[in-house]
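*Asks:* I am sharing structure-v2.txt, which consists of compact mmCIF, C-alpha atoms:
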# COMPACT_ATOMS: atom_id res chain seq x y z
CA MET A 1 -4.57 28.84 27.02
CA LYS A 2 -1.34 26.93 26.40
CA ASN A 3 1.00 28.04 23.64
CA ILE A 4 1.94 25.78 20.73
CA GLU A 5 5.24 24.65 22.27
CA ASP A 6 3.52 23.52 25.47
CA LEU A 7 0.86 21.70 23.43
CA LYS A 8 3.58 19.86 21.50
CA LYS A 9 5.03 18.66 24.82
CA ASP A 10 1.55 17.53 25.90
CA TYR A 11 1.18 15.67 22.60
CA ALA A 12 4.52 13.91 23.07
CA ASP A 13 3.53 12.96 26.61
CA LEU A 14 0.18 11.63 25.35
CA LEU A 15 1.92 9.43 22.77
CA VAL A 16 4.31 7.99 25.36
CA ARG A 17 1.87 7.48 28.23
CA ALA A 18 -1.41 6.69 26.43
CA GLY A 19 -0.12 5.71 23.01
CA LEU A 20 2.48 3.28 24.30
CA GLY A 21 1.97 3.06 28.06
CA ILE A 22 5.75 3.07 28.55
CA GLN A 23 6.77 1.27 31.73
CA LYS A 24 9.78 1.77 33.96
CA GLY A 25 12.73 -0.13 32.54
CA GLN A 26 11.15 -0.60 29.09
CA ARG A 27 12.97 0.30 25.88
CA MET A 28 11.36 2.38 23.14
CA LEU A 29 12.05 2.75 19.42
CA ILE A 30 11.10 5.96 17.62
CA THR A 31 10.94 5.86 13.81
CA SER A 32 10.83 9.42 12.53
CA PRO A 33 11.45 11.59 9.46
CA VAL A 34 14.60 13.65 9.93
CA GLU A 35 12.47 16.79 9.53
CA CYS A 36 10.63 15.83 12.72
CA ALA A 37 13.76 15.56 14.89
CA ASP A 38 12.66 18.30 17.31
CA PHE A 39 9.42 16.49 18.05
CA ALA A 40 11.17 13.10 18.25
CA ARG A 41 13.37 14.62 20.98
CA LEU A 42 10.25 15.71 22.88
CA CYS A 43 8.96 12.13 22.68
CA ALA A 44 12.30 10.75 23.87
CA LYS A 45 12.30 13.14 26.84
CA ALA A 46 8.71 12.16 27.70
CA ALA A 47 9.73 8.49 27.55
CA TYR A 48 12.66 9.00 29.90
CA ASP A 49 10.38 10.96 32.25
CA ALA A 50 8.05 7.94 32.24
CA GLY A 51 10.94 5.66 33.26
CA ALA A 52 12.13 4.27 29.92
CA ARG A 53 15.41 2.40 30.11
CA GLU A 54 16.59 3.54 26.66
CA VAL A 55 15.17 5.38 23.65
CA ILE A 56 16.48 4.31 20.24
CA LEU A 57 16.03 6.50 17.14
CA ARG A 58 15.54 5.29 13.57
CA TRP A 59 15.52 8.07 10.97
CA ARG A 60 13.78 8.32 7.59
CA ASP A 61 14.11 10.89 4.79
CA ASP A 62 11.78 11.19 1.80
CA GLU A 63 14.43 12.71 -0.49
CA LEU A 64 17.04 10.04 0.26
CA THR A 65 14.41 7.32 -0.14
CA ARG A 66 13.47 8.74 -3.53
CA MET A 67 17.15 8.86 -4.56
CA LYS A 68 17.52 5.23 -3.59
CA TYR A 69 14.56 4.12 -5.71
CA LEU A 70 15.80 6.15 -8.67
CA TYR A 71 19.52 5.42 -8.62
CA ALA A 72 20.45 2.40 -6.46
CA GLU A 73 21.64 -0.85 -8.06
CA ASN A 74 18.70 -2.95 -9.18
CA ASP A 75 19.31 -5.93 -6.88
CA VAL A 76 19.15 -3.67 -3.78
CA PHE A 77 15.36 -3.99 -3.88
CA ASP A 78 15.39 -7.77 -3.50
CA GLY A 79 16.77 -7.83 0.03
CA VAL A 80 16.70 -6.20 3.47
CA ASN A 81 19.69 -5.27 5.60
CA SER A 82 20.17 -7.84 8.35
CA TRP A 83 20.70 -5.17 11.00
CA ASP A 84 17.23 -3.75 10.39
CA VAL A 85 15.70 -7.20 10.88
CA ASP A 86 17.80 -7.85 14.00
CA LEU A 87 16.80 -4.52 15.56
CA LEU A 88 13.05 -5.02 15.07
CA ASP A 89 13.13 -8.69 16.07
CA THR A 90 15.16 -8.04 19.22
CA LEU A 91 13.03 -5.16 20.43
CA SER A 92 9.67 -6.78 19.64
CA LYS A 93 10.69 -10.02 21.40
CA GLU A 94 11.50 -8.11 24.57
CA GLY A 95 8.23 -6.13 24.42
CA ALA A 96 9.68 -2.71 23.71
CA GLY A 97 7.41 0.19 22.74
CA PHE A 98 7.34 1.23 19.05
CA LEU A 99 6.45 4.82 18.14
CA SER A 100 6.17 5.63 14.43
CA ILE A 101 5.95 9.28 13.37
CA TYR A 102 4.28 9.00 9.96
CA ALA A 103 4.54 12.23 7.95
CA GLU A 104 5.68 11.47 4.44
CA ASP A 105 5.19 13.52 1.30
CA PRO A 106 2.05 11.92 -0.27
CA GLU A 107 3.76 11.80 -3.68
CA SER A 108 7.40 11.34 -2.68
CA LEU A 109 7.80 8.38 -5.05
CA LYS A 110 5.79 9.73 -7.97
CA GLY A 111 7.36 8.53 -11.20
CA VAL A 112 9.50 5.84 -9.56
CA ASP A 113 9.56 2.42 -11.25
CA PRO A 114 6.64 0.56 -9.57
CA ASP A 115 8.48 -2.75 -10.00
CA ARG A 116 11.22 -1.55 -7.62
CA ILE A 117 8.61 -0.50 -5.06
CA MET A 118 6.81 -3.83 -5.26
CA ARG A 119 9.99 -5.90 -5.00
CA ALA A 120 11.16 -3.89 -2.00
CA GLN A 121 7.80 -4.42 -0.32
CA ILE A 122 7.94 -8.17 -0.93
CA ALA A 123 11.52 -8.41 0.36
CA SER A 124 10.62 -6.41 3.47
CA GLY A 125 7.47 -8.42 4.07
CA LYS A 126 9.35 -11.70 4.00
CA ALA A 127 12.28 -10.52 6.10
CA LEU A 128 10.12 -8.87 8.75
CA ALA A 129 7.37 -11.50 8.89
CA ASP A 130 8.09 -12.49 12.50
CA TYR A 131 8.21 -8.88 13.67
CA ARG A 132 4.93 -8.07 11.89
CA ALA A 133 3.26 -11.14 13.42
CA ARG A 134 4.26 -9.98 16.90
CA GLN A 135 2.91 -6.51 16.18
CA MET A 136 -0.40 -7.83 14.80
CA ARG A 137 -0.79 -10.00 17.94
CA ASN A 138 0.00 -6.98 20.16
CA ASP A 139 2.99 -8.75 21.70
CA CYS A 140 4.51 -5.28 22.04
CA PRO A 141 2.77 -1.91 22.42
CA TRP A 142 2.91 0.26 19.31
CA CYS A 143 1.55 3.61 18.22
CA VAL A 144 1.40 5.51 14.93
CA CYS A 145 1.14 9.30 15.02
CA SER A 146 1.83 12.24 12.70
CA ILE A 147 3.22 15.77 12.81
CA PRO A 148 3.54 18.27 9.95
CA THR A 149 6.36 18.32 7.43
CA ALA A 150 6.70 21.07 4.86
CA ALA A 151 5.93 18.86 1.85
CA TRP A 152 2.90 17.26 3.53
CA ALA A 153 1.52 20.60 4.79
CA LYS A 154 1.81 22.17 1.33
CA ALA A 155 0.06 19.17 -0.24
CA VAL A 156 -2.87 19.57 2.17
CA PHE A 157 -3.01 23.39 1.98
CA PRO A 158 -1.55 24.30 -1.42
CA GLU A 159 -3.06 27.79 -1.34
CA MET A 160 -1.03 28.78 1.75
CA ASP A 161 2.62 29.67 2.08
CA GLU A 162 4.76 27.09 3.85
CA ALA A 163 4.75 28.69 7.31
CA ASP A 164 0.98 29.16 7.37
CA ALA A 165 0.39 25.64 6.04
CA MET A 166 2.61 24.16 8.75
CA ALA A 167 0.84 26.16 11.47
CA ARG A 168 -2.61 25.18 10.19
CA LEU A 169 -1.71 21.49 9.99
CA TRP A 170 -0.31 21.58 13.54
CA ASP A 171 -3.63 23.07 14.72
CA GLU A 172 -5.65 20.37 12.96
CA ILE A 173 -3.48 17.51 14.26
CA LEU A 174 -3.55 18.71 17.87
CA SER A 175 -7.31 19.15 17.67
CA ALA A 176 -7.86 15.68 16.17
CA CYS A 177 -5.72 14.14 18.94
CA ARG A 178 -7.68 15.88 21.73
CA VAL A 179 -4.61 17.89 22.77
CA SER A 180 -5.89 21.43 22.12
CA GLY A 181 -8.07 21.52 25.24
CA GLY A 182 -5.03 21.56 27.49
CA ASN A 183 -5.80 18.29 29.33
CA ALA A 184 -4.65 15.76 26.77
CA LEU A 185 -4.47 12.59 28.88
CA ALA A 186 -7.90 13.04 30.46
CA ASP A 187 -9.55 14.07 27.18
CA TRP A 188 -8.02 11.09 25.37
CA LYS A 189 -9.23 8.71 28.10
CA ALA A 190 -12.79 10.06 27.79
CA HIS A 191 -12.68 9.61 24.01
CA SER A 192 -11.31 6.07 24.35
CA ASP A 193 -14.12 5.22 26.79
CA GLU A 194 -16.66 6.45 24.22
CA LEU A 195 -15.19 4.14 21.57
CA GLN A 196 -15.39 1.28 24.05
CA HIS A 197 -19.13 1.95 24.38
CA HIS A 198 -19.62 1.20 20.68
CA VAL A 199 -17.37 -1.85 20.99
CA GLU A 200 -19.56 -3.25 23.77
CA ILE A 201 -22.75 -2.80 21.75
CA LEU A 202 -21.30 -4.47 18.65
CA ASN A 203 -19.86 -7.37 20.64
CA LYS A 204 -23.20 -7.88 22.35
CA TYR A 205 -24.98 -8.22 18.99
CA ASN A 206 -22.33 -10.72 17.75
CA PHE A 207 -23.43 -10.18 14.15
CA LYS A 208 -23.15 -13.02 11.67
CA SER A 209 -22.96 -10.71 8.66
CA LEU A 210 -22.95 -7.08 7.52
CA ARG A 211 -24.20 -5.36 4.36
CA TYR A 212 -22.76 -2.00 3.19
CA LYS A 213 -24.55 0.21 0.67
CA ASN A 214 -24.26 3.83 -0.49
CA SER A 215 -24.82 6.04 -3.54
CA ALA A 216 -21.09 6.07 -4.38
CA GLY A 217 -21.52 2.49 -5.60
CA THR A 218 -20.47 0.39 -2.63
CA ASP A 219 -22.74 -2.61 -2.27
CA VAL A 220 -21.18 -5.57 -0.46
CA THR A 221 -22.09 -8.28 1.99
CA LEU A 222 -19.63 -10.00 4.30
CA GLU A 223 -19.61 -12.53 7.10
CA LEU A 224 -17.77 -12.17 10.39
CA PRO A 225 -15.76 -15.13 11.75
CA GLU A 226 -17.03 -17.30 14.54
CA GLY A 227 -15.73 -15.95 17.84
CA HIS A 228 -14.81 -12.53 16.44
CA PHE A 229 -14.73 -9.39 18.58
CA TRP A 230 -14.67 -5.66 17.89
CA ALA A 231 -11.99 -3.40 19.34
CA GLY A 232 -11.24 0.30 19.39
CA GLY A 233 -9.52 2.98 21.41
CA GLU A 234 -7.43 1.52 24.21
CA GLU A 235 -5.99 -1.95 23.69
CA LYS A 236 -3.79 -4.28 25.76
CA SER A 237 -0.52 -5.93 24.80
CA THR A 238 -0.16 -9.62 25.56
CA SER A 239 1.81 -8.63 28.67
CA GLY A 240 -1.05 -6.42 29.86
CA ILE A 241 0.25 -2.94 28.91
CA LYS A 242 -2.55 -0.57 27.88
CA PHE A 243 -1.84 1.33 24.66
CA SER A 244 -3.52 3.12 21.72
CA ALA A 245 -2.19 1.89 18.38
CA ASN A 246 -3.31 5.01 16.47
CA ILE A 247 -3.44 8.58 17.70
CA PRO A 248 -5.77 9.97 16.48
CA THR A 249 -8.41 7.26 16.15
CA GLU A 250 -12.16 7.33 15.67
CA GLU A 251 -12.65 3.71 14.62
CA VAL A 252 -13.92 0.45 16.01
CA PHE A 253 -12.81 -2.53 13.98
CA THR A 254 -12.84 -6.27 13.49
CA LEU A 255 -11.99 -8.70 10.69
CA PRO A 256 -14.15 -10.19 7.92
CA LYS A 257 -14.22 -13.90 7.24
CA LYS A 258 -11.67 -14.28 4.46
CA ASP A 259 -13.82 -15.88 1.75
CA SER A 260 -17.09 -14.12 2.59
CA ILE A 261 -17.07 -10.68 0.90
CA ASN A 262 -19.10 -10.28 -2.27
CA GLY A 263 -19.94 -7.14 -4.23
CA ARG A 264 -18.29 -3.82 -5.09
CA LEU A 265 -16.31 -1.49 -2.82
CA VAL A 266 -15.89 2.09 -4.04
CA ALA A 267 -13.32 4.37 -2.44
CA THR A 268 -14.61 7.76 -1.32
CA LYS A 269 -11.18 9.33 -0.66
CA PRO A 270 -7.79 9.11 -2.37
CA LEU A 271 -5.23 6.70 -0.98
CA SER A 272 -1.59 7.69 -0.48
CA HIS A 273 0.36 4.44 -0.85
CA ASN A 274 4.07 3.90 -1.44
CA GLY A 275 4.61 7.57 -2.19
CA THR A 276 1.87 7.72 -4.83
CA LEU A 277 -1.70 9.07 -4.74
CA ILE A 278 -4.31 6.57 -5.94
CA GLU A 279 -7.62 8.19 -6.86
CA GLY A 280 -11.06 7.23 -8.13
CA PHE A 281 -10.82 3.49 -7.51
CA TRP A 282 -13.07 0.54 -6.88
CA PHE A 283 -12.77 -3.20 -6.27
CA ASP A 284 -15.06 -5.99 -7.41
CA VAL A 285 -14.90 -8.81 -4.86
CA ARG A 286 -16.03 -12.42 -5.20
CA ASP A 287 -15.80 -14.94 -2.35
CA GLY A 288 -13.48 -12.56 -0.53
CA LYS A 289 -11.00 -12.07 -3.40
CA ILE A 290 -10.48 -8.93 -5.47
CA VAL A 291 -11.27 -10.08 -9.01
CA ASP A 292 -11.30 -6.71 -10.76
CA LEU A 293 -10.35 -3.11 -10.02
CA HIS A 294 -10.05 0.31 -11.60
CA ALA A 295 -8.37 3.56 -10.58
CA ASP A 296 -8.51 6.89 -12.38
CA LYS A 297 -4.97 7.58 -11.13
CA GLY A 298 -2.31 5.17 -9.81
CA GLU A 299 -3.91 1.96 -11.06
CA ASP A 300 -0.52 0.30 -11.66
CA ILE A 301 0.49 0.95 -8.04
CA LEU A 302 -2.85 -0.39 -6.80
CA ARG A 303 -2.57 -3.56 -8.89
CA ASP A 304 0.92 -4.14 -7.51
CA ALA A 305 -0.33 -3.53 -3.95
CA ILE A 306 -2.87 -6.36 -4.17
CA SER A 307 -0.32 -8.70 -5.79
CA VAL A 308 2.53 -8.79 -3.28
CA ASP A 309 1.29 -12.19 -2.07
CA GLU A 310 -1.82 -14.38 -2.15
CA GLY A 311 -3.38 -12.73 0.90
CA ALA A 312 -3.01 -9.20 -0.46
CA SER A 313 -6.03 -9.67 -2.74
CA TYR A 314 -8.23 -10.60 0.26
CA PHE A 315 -9.32 -8.44 3.19
CA GLY A 316 -8.18 -8.21 6.79
CA GLU A 317 -10.17 -5.40 8.41
CA VAL A 318 -13.56 -3.73 8.50
CA ALA A 319 -13.70 -0.51 10.51
CA LEU A 320 -16.61 1.72 11.47
CA VAL A 321 -16.13 5.49 11.71
CA PRO A 322 -19.02 7.98 11.97
CA TYR A 323 -19.29 10.40 9.06
CA ASP A 324 -19.69 13.15 11.65
CA SER A 325 -16.41 12.35 13.39
CA PRO A 326 -14.28 15.43 14.20
CA ILE A 327 -11.74 14.66 11.47
CA SER A 328 -14.48 14.26 8.87
CA ASN A 329 -16.21 17.44 10.02
CA SER A 330 -12.99 19.40 9.56
CA GLY A 331 -13.60 19.02 5.82
CA ILE A 332 -9.88 18.49 5.24
CA LEU A 333 -8.45 15.79 2.98
CA PHE A 334 -5.24 15.00 4.87
CA LEU A 335 -3.66 12.77 2.19
CA ASN A 336 -2.43 10.68 5.12
CA THR A 337 -4.15 7.38 5.87
CA LEU A 338 -3.81 7.78 9.64
CA PHE A 339 -6.14 10.79 9.45
CA ASP A 340 -8.28 10.05 6.41
CA GLU A 341 -9.18 6.55 7.63
CA ASN A 342 -10.46 8.17 10.83
CA ALA A 343 -12.80 10.36 8.83
CA SER A 344 -14.48 7.44 7.10
CA CYS A 345 -15.59 3.85 7.41
CA HIS A 346 -12.89 1.77 5.79
CA PHE A 347 -11.66 -1.66 4.80
CA ALA A 348 -8.10 -2.96 4.58
CA PHE A 349 -6.84 -5.49 2.10
CA GLY A 350 -4.13 -7.83 3.35
CA GLU A 351 -3.22 -9.02 6.83
CA ALA A 352 -5.94 -9.35 9.47
CA TYR A 353 -5.65 -8.37 13.09
CA PRO A 354 -6.61 -11.69 14.74
CA ASN A 355 -9.64 -10.35 16.64
CA ILE A 356 -10.76 -13.85 17.60
CA TYR A 357 -11.36 -14.83 21.21
CA GLY A 358 -8.52 -17.15 22.26
CA SER A 359 -6.42 -16.38 19.16
CA GLU A 360 -3.26 -16.14 21.27
CA ASN A 361 -3.50 -19.90 21.83
CA MET A 362 -4.30 -20.82 18.21
CA THR A 363 -1.91 -21.93 15.50
CA GLU A 364 -1.81 -20.18 12.14
CA GLU A 365 -3.68 -23.10 10.59
CA GLU A 366 -6.42 -22.88 13.25
CA LEU A 367 -6.78 -19.15 12.60
CA LYS A 368 -6.98 -19.75 8.85
CA GLU A 369 -9.78 -22.26 9.48
CA ARG A 370 -11.69 -19.49 11.27
CA GLY A 371 -11.28 -17.25 8.21
CA VAL A 372 -8.34 -15.08 9.28
CA ASN A 373 -6.38 -13.68 6.31
CA PHE A 374 -2.58 -13.66 6.33
CA SER A 375 -0.42 -11.36 4.20
CA MET A 376 2.76 -9.30 4.32
CA THR A 377 0.72 -6.15 3.64
CA HIS A 378 -2.15 -4.26 5.27
CA VAL A 379 -3.57 -1.26 3.38
CA ASP A 380 -6.56 0.76 4.59
CA PHE A 381 -8.85 2.57 2.13
CA MET A 382 -11.95 4.63 2.75
CA VAL A 383 -15.54 3.84 1.72
CA GLY A 384 -17.60 5.96 4.12
CA SER A 385 -20.09 8.60 2.94
CA ARG A 386 -22.93 10.75 4.24
CA ASP A 387 -25.49 8.21 3.02
CA LEU A 388 -23.70 4.98 3.95
CA GLU A 389 -26.02 2.37 5.40
CA ILE A 390 -24.75 -0.75 7.18
CA THR A 391 -27.15 -3.48 8.26
CA GLY A 392 -26.13 -6.28 10.58
CA THR A 393 -27.77 -9.69 10.63
CA THR A 394 -27.66 -11.67 13.87
CA HIS A 395 -27.29 -15.43 14.14
CA ASP A 396 -31.07 -15.53 14.73
CA GLY A 397 -31.74 -13.78 11.43
CA GLU A 398 -32.69 -10.40 12.91
CA GLU A 399 -31.67 -7.41 10.79
CA VAL A 400 -30.33 -4.49 12.83
CA PRO A 401 -29.40 -1.03 11.51
CA VAL A 402 -25.74 -0.39 12.42
CA PHE A 403 -25.21 2.78 10.34
CA LEU A 404 -27.85 5.17 9.03
CA ASN A 405 -26.98 8.33 7.09
CA GLY A 406 -23.27 7.69 7.62
CA ASN A 407 -23.41 7.47 11.43
CA PHE A 408 -24.04 4.88 14.12
CA ALA A 409 -27.72 4.00 14.41
CA PHE A 410 -27.30 3.03 18.06
Could you rewrite the structure in this file as structure tokens?

*Replies:*
Amino acid sequence: MKNIEDLKKDYADLLVRAGLGIQKGQRMLITSPVECADFARLCAKAAYDAGAREVILRWRDDELTRMKYLYAENDVFDGVNSWDVDLLDTLSKEGAGFLSIYAEDPESLKGVDPDRIMRAQIASGKALADYRARQMRNDCPWCVCSIPTAAWAKAVFPEMDEADAMARLWDEILSACRVSGGNALADWKAHSDELQHHVEILNKYNFKSLRYKNSAGTDVTLELPEGHFWAGGEEKSTSGIKFSANIPTEEVFTLPKKDSINGRLVATKPLSHNGTLIEGFWFDVRDGKIVDLHADKGEDILRDAISVDEGASYFGEVALVPYDSPISNSGILFLNTLFDENASCHFAFGEAYPNIYGSENMTEEELKERGVNFSMTHVDFMVGSRDLEITGTTHDGEEVPVFLNGNFAF
């Protein structure tokens, strides 16, 4: 049995080789909390071992970010530093690999003026629009992962002391990412192949519409765009590099037709967004647009999140995750969307991944005509439950059970 330090090295190697598929001569950008510097170094070493030309580091710090939102001059939140835009544009144009270590304190911005958060998000969305478009088209391989930080670990396991909470969260992350077995690359490949099996079944059915219903209150119907496809697990960049955008992942996903969703969506897990926990929320949706919402906690942040632009109040993703996925069966609320979305079927409001056959040759207007939503935001939230039922309707009118009792009916 490997010790924890060896498993961390295996995890870093998995992220570089399967998460990003780093090629000889390719550059790589790591965005990481400063607390995760030791692990970022492991990832950099793994990248150089894989033949990377250069590894560039971009650091983040929850405490400094909070200070900025509390004390910086007000007009700071209406712009973005040009060097940040230049860095992301340059690297994405050349097809560099982007690794994001996402491990923020779930409530790092609690009490911060929500207007500052919203304005900063709008400014960033506008300035980085070209970079985000390249990422959504998979012009460059990218991967989001997580490792423990003290604040996050204590939020997940408040009854433990810091050291025990950190150790427990490391165990859960390595298990969820298929690293604990000691053969990370092979185990991840087997898992990715299993996800591809569900993708093939869904693409074969080519459903026209889906209906979601559960006892939590979700009851919606939606249409899928003409020419849509499902994806999950391993993907390919436009240059042909195989990568996994999320590690861990349990989902297969596609996009809804923008104006087609009608009904109510009820969240079954809290959402950590912009450093604030949003709890007990639902959306009423008419012709694809959120027309009403409520949250027991964080409603002002949620209302701002769907108001950053016109597309933020529409939806860009539907994702299927079995209720009996390993992350769900752990029984842990991770307070981290990367993990919690992989324990539950989910939707995302905002930007759509253009999962349309031939989309790489379509203009934005042509994609909009197919029902693809455009936005500067993309926020996943969870709606899965033990009793979730999803029924697909084919173009011939046949109704097919897709989910029964929270799991795939296939």

*Asks:* May I ask for the distance between atom CA of A:Phe315 and atom CA of A:Pro256, given in Å to one decimal place?

*Replies:*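 It comes out at 7.0 Å.
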
*Asks:* Between A:Pro148, A:Pro158, A:Gly358, A:Gly25, which has the minimum distance to A:Trp170 (counting all atoms listed in the file)?

*Replies:*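 When distances to A:Trp170 are compared using all atoms listed in the file, the smallest one comes from A:Pro148.
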
*Asks:* Considering all atoms listed in the file, return as a ChimeraX atom specification whatever protein or nucleic-acid residues lie within 9 Å of A:Arg27, sequence-local ones (same chain, fewer than 2 positions apart) excluded.

*Replies:* /A:22-25,29,47,52-56,91,94-98

*Asks:* Go through A:Asp396, A:Glu200, A:Asp38, A:Glu107 one by one, measure the shortest atom-to-atom distance of each to A:His273 using only C-alpha atoms, and give the residue with the smallest value.

*Replies:*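 Among the listed residues, the smallest separation from A:His273 belongs to A:Glu107.
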
*Asks:* Just to confirm, what's the straight-line distance from atom CA of A:Lys2 to atom CA of A:Tyr48 in Å (one decimal)?

*Replies:* 23.0 Å

*Asks:* Work out how far atom CA of A:Ile101 is from atom CA of A:Phe39, in Å to one decimal.

*Replies:* 9.3 Å

*Asks:* Which residues of stretch 243-324 of chain A have any atom within 12 Å of an atom in stretch 58-80 of chain A when counting all atoms listed in the file, and what is the closest pair of atoms for each, with the distance in Å to one decimal? Order the rows by chain and rising number and write it as CSV.

*Replies:*
residue,atom,partner,partner_atom,distance
A:Asn274,CA,A:Arg66,CA,10.8
A:Gly275,CA,A:Asp62,CA,9.0
A:Thr276,CA,A:Arg66,CA,11.7

*Asks:* Hey, can I get the axis-aligned box for stretch 47-66 of chain A? All listed atoms, 4 Å padding on each side, centre and edge lengths in Å to one decimal, as JSON.

*Replies:*
{"center_x": 12.5, "center_y": 7.6, "center_z": 14.9, "size_x": 17.0, "size_y": 18.3, "size_z": 44.8}

*Asks:* Write out as an MDAnalysis selection string which residues come within 9 Å of A:Asn262 when counting only C-alpha atoms, dropping same-chain ones fewer than 3 positions away.

*Replies:* chainID A and resid 219:222 259 284:289

*Asks:* Report as a short mmCIF file (atom, residue, chain, number, x, y, z; two decimals) with C-alpha atoms, in the frame of the given file all protein, DNA and RNA residues lying within 12 Å of A:Ser124, evaluated on all atoms listed in the file, omitting residues in the same chain fewer than 5 positions from it.

*Replies:*
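Result file follows (part-v8.cif):
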data_model
loop_
_atom_site.label_atom_id
_atom_site.label_comp_id
_atom_site.auth_asym_id
_atom_site.auth_seq_id
_atom_site.Cartn_x
_atom_site.Cartn_y
_atom_site.Cartn_z
CA VAL A 76 19.15 -3.67 -3.78
CA PHE A 77 15.36 -3.99 -3.88
CA ASP A 78 15.39 -7.77 -3.50
CA GLY A 79 16.77 -7.83 0.03
CA VAL A 80 16.70 -6.20 3.47
CA ASN A 81 19.69 -5.27 5.60
CA SER A 82 20.17 -7.84 8.35
CA ASP A 84 17.23 -3.75 10.39
CA VAL A 85 15.70 -7.20 10.88
CA LEU A 88 13.05 -5.02 15.07
CA ILE A 117 8.61 -0.50 -5.06
CA MET A 118 6.81 -3.83 -5.26
CA ARG A 119 9.99 -5.90 -5.00
CA ALA A 129 7.37 -11.50 8.89
CA ASP A 130 8.09 -12.49 12.50
CA TYR A 131 8.21 -8.88 13.67
CA ARG A 132 4.93 -8.07 11.89
CA VAL A 308 2.53 -8.79 -3.28
CA MET A 376 2.76 -9.30 4.32
CA THR A 377 0.72 -6.15 3.64
#

*Asks:* Ranking A:His294, A:Arg386, A:Lys269, A:His395 by minimum distance to A:Asp340 and counting all atoms listed in the file, which one comes first?

*Replies:* A:Lys269

*Asks:* Nearest residue to A:Asp292 out of A:Leu255, A:Ile390, A:Ile306, A:Val402, using only C-alpha atoms?

*Replies:*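 Looking at the shortest contact to A:Asp292, the residue is A:Ile306.
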